[in-house]
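J.: I'd like to ask some things about the structure below.
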Amino acid sequence: MFAQTVQAHVPVAFAGPGAGVAPLTWGQKAIMQDMRETGWTHNVSGAHPVPPGVTVEQVTAEFAALMARHPALRMRLGDGDGGGPCQVVSATGETVLDVVDVPDDADPADVATFAYDLGHARLLSHYDLYRDWSVKMAVIRHRGALVHRVLTIDHLVVDGTATSLLLADLGLAGRPVRRVADPRTVQILDLGRREETPPLRRVSDRAVRHWAEHLRDIPPLTFGEPAAGGRQGHRYWHGRFSSPAAYLAVRAIAARTRTDTSRVLLAVIAVAIGRATGVSPLTAKLIVGNRFRPGFAEAIAPLSQNGVLRLDTADTTVDEVVARARRAAVSAGKYAYYDPAQLAEVSDRLDAERGYPARISCRINDRRVATRQAADGGLGDDPVTAERLRRRSDETFLVWDGPLDHLPEQMFITVEDQPETVYLQVIFDFGCFTEAQAERLLRGVEEVAVEAALDPAAPTRVTAGSAGG
């Protein structure tokens, strides 16, 4: 963007407790499996404004203190006894703070764009965690003042909740930091060790048995074999769908059914899938945070794993699907903490018994943090009416942002942290969906939600045994 920038590397020495060696955690194994299957970095990265008057020395001190407080940030990979990697946390080390000077005559808006682009570039940059530290930090300096900070963290040490905790630690998340540490909070090395003990092995055993019940009779792929040629010569496309009308409708359904918006969104998405594809019951992977377990709430570690659920949407009402989604999601969450290697062994055995390889190729992820509480709050005195929903539906949009090289799923839907709208990041395999079918599915999310918000008896309009198309 700029003809010339100057970059300096300021040394950041750190030291902290919790050093040692341990096996990889189950969450780390799950992330590594995702990295292998997708080829994506799965980094967490973004740019944040710097308050006026903050100096390089202050940021350097904050960076060193962050590394000292959290052993996970001092973790790198090592060679384990069994031939695979292990985790190694160092007591001391040194990293760098990148200080990037941009031209004085640059427009501040362009500087903000430059910071965003740097964060995005680092999002896509692969780490070598046998060598690199898991955290990278840069500051952008304009006209002698620090204006933006770019923070990038490897997904092998954080998930969404852990990232929010670290941002709060740096004063970047609008969330107060705990003043008294929870003594139960597990550190990343201890977590890896615990997961090798008999009590947690039994937890994995129960979870894998739950998975086996769902995997035993699934088809080869959730939405059938690829048949279409793709979109503009590419099979995998990512896009964005936003619907303020669906947001209002989902809140109204949640209030009426006395559940939360996450369960309602799961039900509405499943019904929209059924209408567009004819697939019912839907077997899907649901990403679960696993934070409800003792000592996990504020752990700096990747704890999210796939849960599995089955949801029948045919020949019933949307409200009934919401009730089913609530029960199914509870079970999915209960059995979403397991050793991925053990699940892989069971999956291979079931493939042999079934006589064909099969996998669940639909994944749904509600990763809202900041906006979920507001969405789940009461409706107040402003009723959701047909006219109000109609006005907000004028703001709905769907855009296809570009192709991807590969995706292990046929469909991946993520509910994003955007206020007062249902904002979905989506990836479709257009070898299995036509563009019209994908658009019908996404716009169906709004359609289903609005119908059900206005009518408690609204039918799903999904018929058992119907064909998609």
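Simple scheme: letters A, B, ... for chains in structure tokens order, numbers from 1 for residues in each chain, numbers from 1 for ligands in the order shown.
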With a cut-off of 7 Å, could you pull out the residues of segment 7-86 of chain A touching segment 112-122 of chain A and give me the nearest pair of atoms for each, distance in Å to one decimal, using only C-alpha atoms, ordered by chain and ascending number, as a Markdown table?
T.:
```
| residue | atom | partner | partner_atom | distance |
| --- | --- | --- | --- | --- |
| A:Ser45 | CA | A:Gly119 | CA | 5.5 |
| A:Gly46 | CA | A:Gly119 | CA | 4.8 |
| A:Ala47 | CA | A:Tyr116 | CA | 5.5 |
```
J.: Give me, as number ranges by chain, all polymer residues having an atom no more than 6 Å from segment 420-437 of chain A, counting only C-alpha atoms and skipping those fewer than 3 positions away in the same chain.
T.: A: 226-230, 235-244, 247, 410-416, 440
J.: Would you export the selected residues with C-alpha atoms as a tab-separated table (two decimals), in the first residue's frame, please?
T.:
```tsv
chain	number	residue	atom	x	y	z
A	226	PRO	CA	-20.33	-34.47	-6.19
A	227	ALA	CA	-22.30	-34.06	-9.39
A	228	ALA	CA	-22.09	-30.39	-10.40
A	229	GLY	CA	-19.10	-28.77	-12.06
A	230	GLY	CA	-18.59	-25.95	-9.58
A	235	ARG	CA	-15.73	-26.16	-6.42
A	236	TYR	CA	-15.21	-24.50	-3.01
A	237	TRP	CA	-16.50	-21.00	-2.35
A	238	HIS	CA	-16.76	-18.88	0.75
A	239	GLY	CA	-19.34	-16.16	1.27
A	240	ARG	CA	-21.24	-14.05	3.79
A	241	PHE	CA	-24.93	-13.88	4.59
A	242	SER	CA	-26.42	-11.25	6.91
A	243	SER	CA	-30.03	-10.94	8.04
A	244	PRO	CA	-31.21	-8.46	10.70
A	247	TYR	CA	-31.95	-11.88	14.19
A	410	GLN	CA	-19.37	-30.10	1.86
A	411	MET	CA	-20.81	-27.25	3.91
A	412	PHE	CA	-19.38	-25.25	6.81
A	413	ILE	CA	-21.57	-22.57	8.44
A	414	THR	CA	-20.20	-20.22	11.11
A	415	VAL	CA	-22.34	-17.79	13.11
A	416	GLU	CA	-20.18	-14.71	13.54
A	440	ARG	CA	-32.00	-20.91	-1.40
```
J.: Nearest residue to Pro403 of chain A out of A:His155, A:His126, A:His234, A:Arg327, using only C-alpha atoms?
T.: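 So, comparing all the options, the nearest one is A:His234.
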J.: Between atom CA of Asp101 of chain A and atom CA of Met137 of chain A, what is the distance, to one decimal in Å?
T.: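 For atom CA of Asp101 of chain A relative to atom CA of Met137 of chain A, the distance reads 14.4 Å.
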J.: Measuring between only C-alpha atoms, which one of A:Thr25, A:Ser164, A:Asn290, A:Thr277 shows the shortest distance to Asn306 of chain A?
T.: A:Asn290
J.: Would you please give, as an MDAnalysis selection string, all residues of segment 24-166 of chain A that DSSP assigns to helix (DSSP H, G or I) based on the backbone?
T.: chainID A and resid 26:38 56:69 71:74 108:123 160:166
J.: Filtering to C-alpha atoms, could you give me those residues as an mmCIF file, in the first residue's frame?
T.:
```
data_model
loop_
_atom_site.group_PDB
_atom_site.id
_atom_site.type_symbol
_atom_site.label_atom_id
_atom_site.label_comp_id
_atom_site.auth_asym_id
_atom_site.auth_seq_id
_atom_site.Cartn_x
_atom_site.Cartn_y
_atom_site.Cartn_z
ATOM 1 C CA TRP A 26 -6.884 -33.555 22.672
ATOM 2 C CA GLY A 27 -7.754 -30.041 21.512
ATOM 3 C CA GLN A 28 -4.298 -29.658 19.969
ATOM 4 C CA LYS A 29 -4.651 -32.991 18.178
ATOM 5 C CA ALA A 30 -8.024 -31.847 16.820
ATOM 6 C CA ILE A 31 -6.538 -28.570 15.512
ATOM 7 C CA MET A 32 -3.614 -30.390 13.903
ATOM 8 C CA GLN A 33 -6.064 -32.728 12.181
ATOM 9 C CA ASP A 34 -8.000 -29.716 10.847
ATOM 10 C CA MET A 35 -4.756 -28.162 9.616
ATOM 11 C CA ARG A 36 -3.830 -31.335 7.744
ATOM 12 C CA GLU A 37 -7.286 -31.737 6.191
ATOM 13 C CA THR A 38 -7.764 -28.113 5.123
ATOM 14 C CA VAL A 56 6.941 1.156 22.373
ATOM 15 C CA GLU A 57 8.432 0.551 25.824
ATOM 16 C CA GLN A 58 4.970 0.071 27.308
ATOM 17 C CA VAL A 59 3.892 -2.367 24.600
ATOM 18 C CA THR A 60 7.158 -4.276 24.994
ATOM 19 C CA ALA A 61 6.550 -4.574 28.737
ATOM 20 C CA GLU A 62 2.950 -5.714 28.159
ATOM 21 C CA PHE A 63 4.138 -8.314 25.662
ATOM 22 C CA ALA A 64 6.751 -9.664 28.092
ATOM 23 C CA ALA A 65 4.214 -9.782 30.929
ATOM 24 C CA LEU A 66 1.697 -11.616 28.741
ATOM 25 C CA MET A 67 4.276 -14.259 27.857
ATOM 26 C CA ALA A 68 5.264 -14.577 31.527
ATOM 27 C CA ARG A 69 1.688 -15.036 32.788
ATOM 28 C CA PRO A 71 2.685 -20.904 29.907
ATOM 29 C CA ALA A 72 0.705 -21.782 26.761
ATOM 30 C CA LEU A 73 2.250 -18.801 24.967
ATOM 31 C CA ARG A 74 5.707 -20.177 25.730
ATOM 32 C CA PRO A 108 -4.990 7.695 8.741
ATOM 33 C CA ALA A 109 -7.675 5.636 6.983
ATOM 34 C CA ASP A 110 -5.008 4.117 4.769
ATOM 35 C CA VAL A 111 -2.889 3.387 7.843
ATOM 36 C CA ALA A 112 -5.845 1.538 9.396
ATOM 37 C CA THR A 113 -6.238 -0.471 6.196
ATOM 38 C CA PHE A 114 -2.517 -1.245 6.244
ATOM 39 C CA ALA A 115 -2.836 -2.569 9.812
ATOM 40 C CA TYR A 116 -5.819 -4.708 8.833
ATOM 41 C CA ASP A 117 -3.934 -6.073 5.820
ATOM 42 C CA LEU A 118 -0.926 -6.922 7.989
ATOM 43 C CA GLY A 119 -3.190 -8.805 10.373
ATOM 44 C CA HIS A 120 -4.755 -10.670 7.472
ATOM 45 C CA ALA A 121 -1.358 -11.533 5.981
ATOM 46 C CA ARG A 122 -0.240 -12.928 9.329
ATOM 47 C CA LEU A 123 -3.501 -14.844 9.587
ATOM 48 C CA GLY A 160 -11.995 -18.428 20.617
ATOM 49 C CA THR A 161 -12.534 -18.144 24.360
ATOM 50 C CA ALA A 162 -8.821 -18.242 25.156
ATOM 51 C CA THR A 163 -8.249 -15.522 22.566
ATOM 52 C CA SER A 164 -10.895 -13.331 24.217
ATOM 53 C CA LEU A 165 -9.211 -13.856 27.590
ATOM 54 C CA LEU A 166 -5.839 -12.797 26.195
#
```
J.: With only C-alpha atoms as the atoms that count, which of A:Ala453, A:Val150, A:Cys86, A:Cys362 lies nearest to Leu407 of chain A?
T.: A:Cys362
J.: List the spatial neighbours of Gln305 of chain A as a PyMOL selection string - criterion: any atom at most 7 Å away, only C-alpha atoms, same-chain residues fewer than 5 positions off excluded.
T.: chain A and resi 27+30+287-289+336-337
J.: Could you list, as a PDB file with N, CA and C atoms, in the first residue's frame, every residue within 10 Å of Val448 of chain A, counting only C-alpha atoms and ignoring same-chain residues fewer than 2 positions away?
T.:
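Below is the file part-v3.pdb, written as the result:
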```pdb
ATOM      1  N   ALA A 246     -33.742 -12.019  10.412  1.00  0.00           N
ATOM      2  CA  ALA A 246     -33.593 -13.320  11.063  1.00  0.00           C
ATOM      3  C   ALA A 246     -33.181 -13.152  12.525  1.00  0.00           C
ATOM      4  N   ALA A 249     -36.247 -12.360  14.471  1.00  0.00           N
ATOM      5  CA  ALA A 249     -37.113 -13.537  14.498  1.00  0.00           C
ATOM      6  C   ALA A 249     -36.561 -14.610  15.433  1.00  0.00           C
ATOM      7  N   VAL A 250     -35.261 -14.838  15.382  1.00  0.00           N
ATOM      8  CA  VAL A 250     -34.639 -15.855  16.242  1.00  0.00           C
ATOM      9  C   VAL A 250     -34.803 -15.469  17.712  1.00  0.00           C
ATOM     10  N   ALA A 267     -31.654 -25.025  14.997  1.00  0.00           N
ATOM     11  CA  ALA A 267     -32.890 -25.576  14.445  1.00  0.00           C
ATOM     12  C   ALA A 267     -33.247 -24.914  13.118  1.00  0.00           C
ATOM     13  N   VAL A 268     -33.148 -23.594  13.066  1.00  0.00           N
ATOM     14  CA  VAL A 268     -33.512 -22.864  11.846  1.00  0.00           C
ATOM     15  C   VAL A 268     -32.586 -23.244  10.692  1.00  0.00           C
ATOM     16  N   ILE A 269     -31.293 -23.350  10.963  1.00  0.00           N
ATOM     17  CA  ILE A 269     -30.350 -23.745   9.912  1.00  0.00           C
ATOM     18  C   ILE A 269     -30.651 -25.165   9.431  1.00  0.00           C
ATOM     19  N   ALA A 270     -30.954 -26.074  10.370  1.00  0.00           N
ATOM     20  CA  ALA A 270     -31.252 -27.455   9.978  1.00  0.00           C
ATOM     21  C   ALA A 270     -32.508 -27.525   9.121  1.00  0.00           C
ATOM     22  N   VAL A 271     -33.533 -26.742   9.462  1.00  0.00           N
ATOM     23  CA  VAL A 271     -34.759 -26.731   8.646  1.00  0.00           C
ATOM     24  C   VAL A 271     -34.472 -26.148   7.264  1.00  0.00           C
ATOM     25  N   ALA A 272     -33.689 -25.070   7.215  1.00  0.00           N
ATOM     26  CA  ALA A 272     -33.339 -24.485   5.916  1.00  0.00           C
ATOM     27  C   ALA A 272     -32.562 -25.484   5.064  1.00  0.00           C
ATOM     28  N   ARG A 275     -35.116 -27.995   3.709  1.00  0.00           N
ATOM     29  CA  ARG A 275     -35.916 -27.454   2.599  1.00  0.00           C
ATOM     30  C   ARG A 275     -35.111 -27.404   1.305  1.00  0.00           C
ATOM     31  N   VAL A 318     -41.520 -25.989  13.325  1.00  0.00           N
ATOM     32  CA  VAL A 318     -40.208 -25.423  13.649  1.00  0.00           C
ATOM     33  C   VAL A 318     -40.001 -25.420  15.159  1.00  0.00           C
ATOM     34  N   ARG A 443     -30.934 -18.040   2.205  1.00  0.00           N
ATOM     35  CA  ARG A 443     -32.104 -17.173   2.357  1.00  0.00           C
ATOM     36  C   ARG A 443     -33.217 -17.898   3.101  1.00  0.00           C
ATOM     37  N   GLY A 444     -33.170 -19.215   3.061  1.00  0.00           N
ATOM     38  CA  GLY A 444     -34.132 -20.003   3.821  1.00  0.00           C
ATOM     39  C   GLY A 444     -33.962 -19.854   5.316  1.00  0.00           C
ATOM     40  N   VAL A 445     -32.743 -19.512   5.778  1.00  0.00           N
ATOM     41  CA  VAL A 445     -32.538 -19.275   7.209  1.00  0.00           C
ATOM     42  C   VAL A 445     -33.436 -18.130   7.662  1.00  0.00           C
ATOM     43  N   GLU A 446     -33.468 -17.054   6.901  1.00  0.00           N
ATOM     44  CA  GLU A 446     -34.361 -15.937   7.228  1.00  0.00           C
ATOM     45  C   GLU A 446     -35.815 -16.339   7.076  1.00  0.00           C
ATOM     46  N   VAL A 450     -38.468 -16.200  10.182  1.00  0.00           N
ATOM     47  CA  VAL A 450     -39.583 -15.247  10.144  1.00  0.00           C
ATOM     48  C   VAL A 450     -40.915 -15.976  10.237  1.00  0.00           C
ATOM     49  N   GLU A 451     -41.063 -17.063   9.496  1.00  0.00           N
ATOM     50  CA  GLU A 451     -42.315 -17.823   9.553  1.00  0.00           C
ATOM     51  C   GLU A 451     -42.602 -18.301  10.980  1.00  0.00           C
ATOM     52  N   ALA A 452     -41.565 -18.833  11.633  1.00  0.00           N
ATOM     53  CA  ALA A 452     -41.757 -19.379  12.977  1.00  0.00           C
ATOM     54  C   ALA A 452     -41.942 -18.288  14.019  1.00  0.00           C
ATOM     55  N   ALA A 453     -41.340 -17.121  13.823  1.00  0.00           N
ATOM     56  CA  ALA A 453     -41.528 -16.022  14.771  1.00  0.00           C
ATOM     57  C   ALA A 453     -42.974 -15.554  14.783  1.00  0.00           C
ATOM     58  N   ALA A 458     -45.857 -22.931  12.860  1.00  0.00           N
ATOM     59  CA  ALA A 458     -45.293 -22.921  11.510  1.00  0.00           C
ATOM     60  C   ALA A 458     -44.655 -24.266  11.183  1.00  0.00           C
ATOM     61  N   PRO A 459     -45.040 -24.880  10.063  1.00  0.00           N
ATOM     62  CA  PRO A 459     -44.459 -26.186   9.706  1.00  0.00           C
ATOM     63  C   PRO A 459     -43.066 -26.026   9.122  1.00  0.00           C
ATOM     64  N   THR A 460     -42.272 -27.059   9.233  1.00  0.00           N
ATOM     65  CA  THR A 460     -40.936 -27.025   8.636  1.00  0.00           C
ATOM     66  C   THR A 460     -41.003 -27.064   7.116  1.00  0.00           C
ATOM     67  N   ARG A 461     -42.051 -27.655   6.582  1.00  0.00           N
ATOM     68  CA  ARG A 461     -42.175 -27.877   5.132  1.00  0.00           C
ATOM     69  C   ARG A 461     -41.023 -28.709   4.582  1.00  0.00           C
TER      70      ARG A 461
END
```
J.: If you count only C-alpha atoms, which residues fall within 7 Å of Gln7 of chain A, apart from same-chain ones fewer than 5 positions away, as a list in words?
T.: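 Selected residues are Asp98, Val99, Val100 and Asp101 of chain A.
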J.: In Å to one decimal, how far is atom CA of Val12 of chain A from atom CA of Thr95 of chain A?
T.: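 If I compute the distance from atom CA of Thr95 of chain A to atom CA of Val12 of chain A, I get 5.1 Å.
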J.: Find the nearest atom pair between each residue of segment 256-299 of chain A and segment 186-206 of chain A for residues within 9 Å, count only C-alpha atoms, give distances in Å to one decimal, sort rows by chain and ascending number, and present the table as JSON lines.
T.:
```
{"residue": "A:Pro294", "atom": "CA", "partner": "A:Val186", "partner_atom": "CA", "distance": 8.7}
{"residue": "A:Gly295", "atom": "CA", "partner": "A:Val186", "partner_atom": "CA", "distance": 5.4}
{"residue": "A:Phe296", "atom": "CA", "partner": "A:Val186", "partner_atom": "CA", "distance": 6.4}
{"residue": "A:Glu298", "atom": "CA", "partner": "A:Val186", "partner_atom": "CA", "distance": 8.3}
{"residue": "A:Ala299", "atom": "CA", "partner": "A:Val186", "partner_atom": "CA", "distance": 5.8}
```
J.: Just N, CA and C atoms for this one: save the residues we selected as a JSON list (two decimals), in the first residue's frame.
T.:
```
[["chain", "number", "residue", "atom", "x", "y", "z"],
["A", 294, "PRO", "N", -14.79, -28.36, 35.04],
["A", 294, "PRO", "CA", -14.05, -27.69, 36.11],
["A", 294, "PRO", "C", -12.62, -27.33, 35.69],
["A", 295, "GLY", "N", -12.24, -26.08, 35.92],
["A", 295, "GLY", "CA", -10.89, -25.62, 35.61],
["A", 295, "GLY", "C", -10.67, -25.22, 34.17],
["A", 296, "PHE", "N", -11.73, -25.34, 33.33],
["A", 296, "PHE", "CA", -11.57, -25.04, 31.90],
["A", 296, "PHE", "C", -12.03, -23.63, 31.53],
["A", 298, "GLU", "N", -11.37, -20.55, 32.15],
["A", 298, "GLU", "CA", -10.42, -19.50, 31.78],
["A", 298, "GLU", "C", -9.06, -20.07, 31.41],
["A", 299, "ALA", "N", -9.05, -21.32, 30.99],
["A", 299, "ALA", "CA", -7.79, -21.94, 30.57],
["A", 299, "ALA", "C", -7.33, -21.36, 29.24]]
```
J.: A:Met1, A:Val6, A:Val462, A:Ala370: which is nearest Thr317 of chain A, counting only C-alpha atoms?
T.: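 Checking each of A:Met1, A:Val6, A:Val462, A:Ala370 against Thr317 of chain A, counting only C-alpha atoms, the winner is A:Val462.
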J.: When you look at Gly78 of chain A with a cut-off of 8 Å (counting only C-alpha atoms), what residues show up, excluding the ones that are within fewer than 4 positions of it in the same chain? I need them as a PDB file with C-alpha atoms, in the first residue's frame.
T.:
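And here is the file that came out, around.pdb:
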```
ATOM      1  CA  PRO A  85       5.044 -34.231  18.454  1.00  0.00           C
ATOM      2  CA  CYS A  86       4.752 -33.248  22.093  1.00  0.00           C
ATOM      3  CA  GLN A  87       4.415 -29.849  23.740  1.00  0.00           C
ATOM      4  CA  VAL A  88       7.374 -28.110  25.356  1.00  0.00           C
ATOM      5  CA  TYR A 130       9.148 -26.387  16.450  1.00  0.00           C
TER       6      TYR A 130
END
```
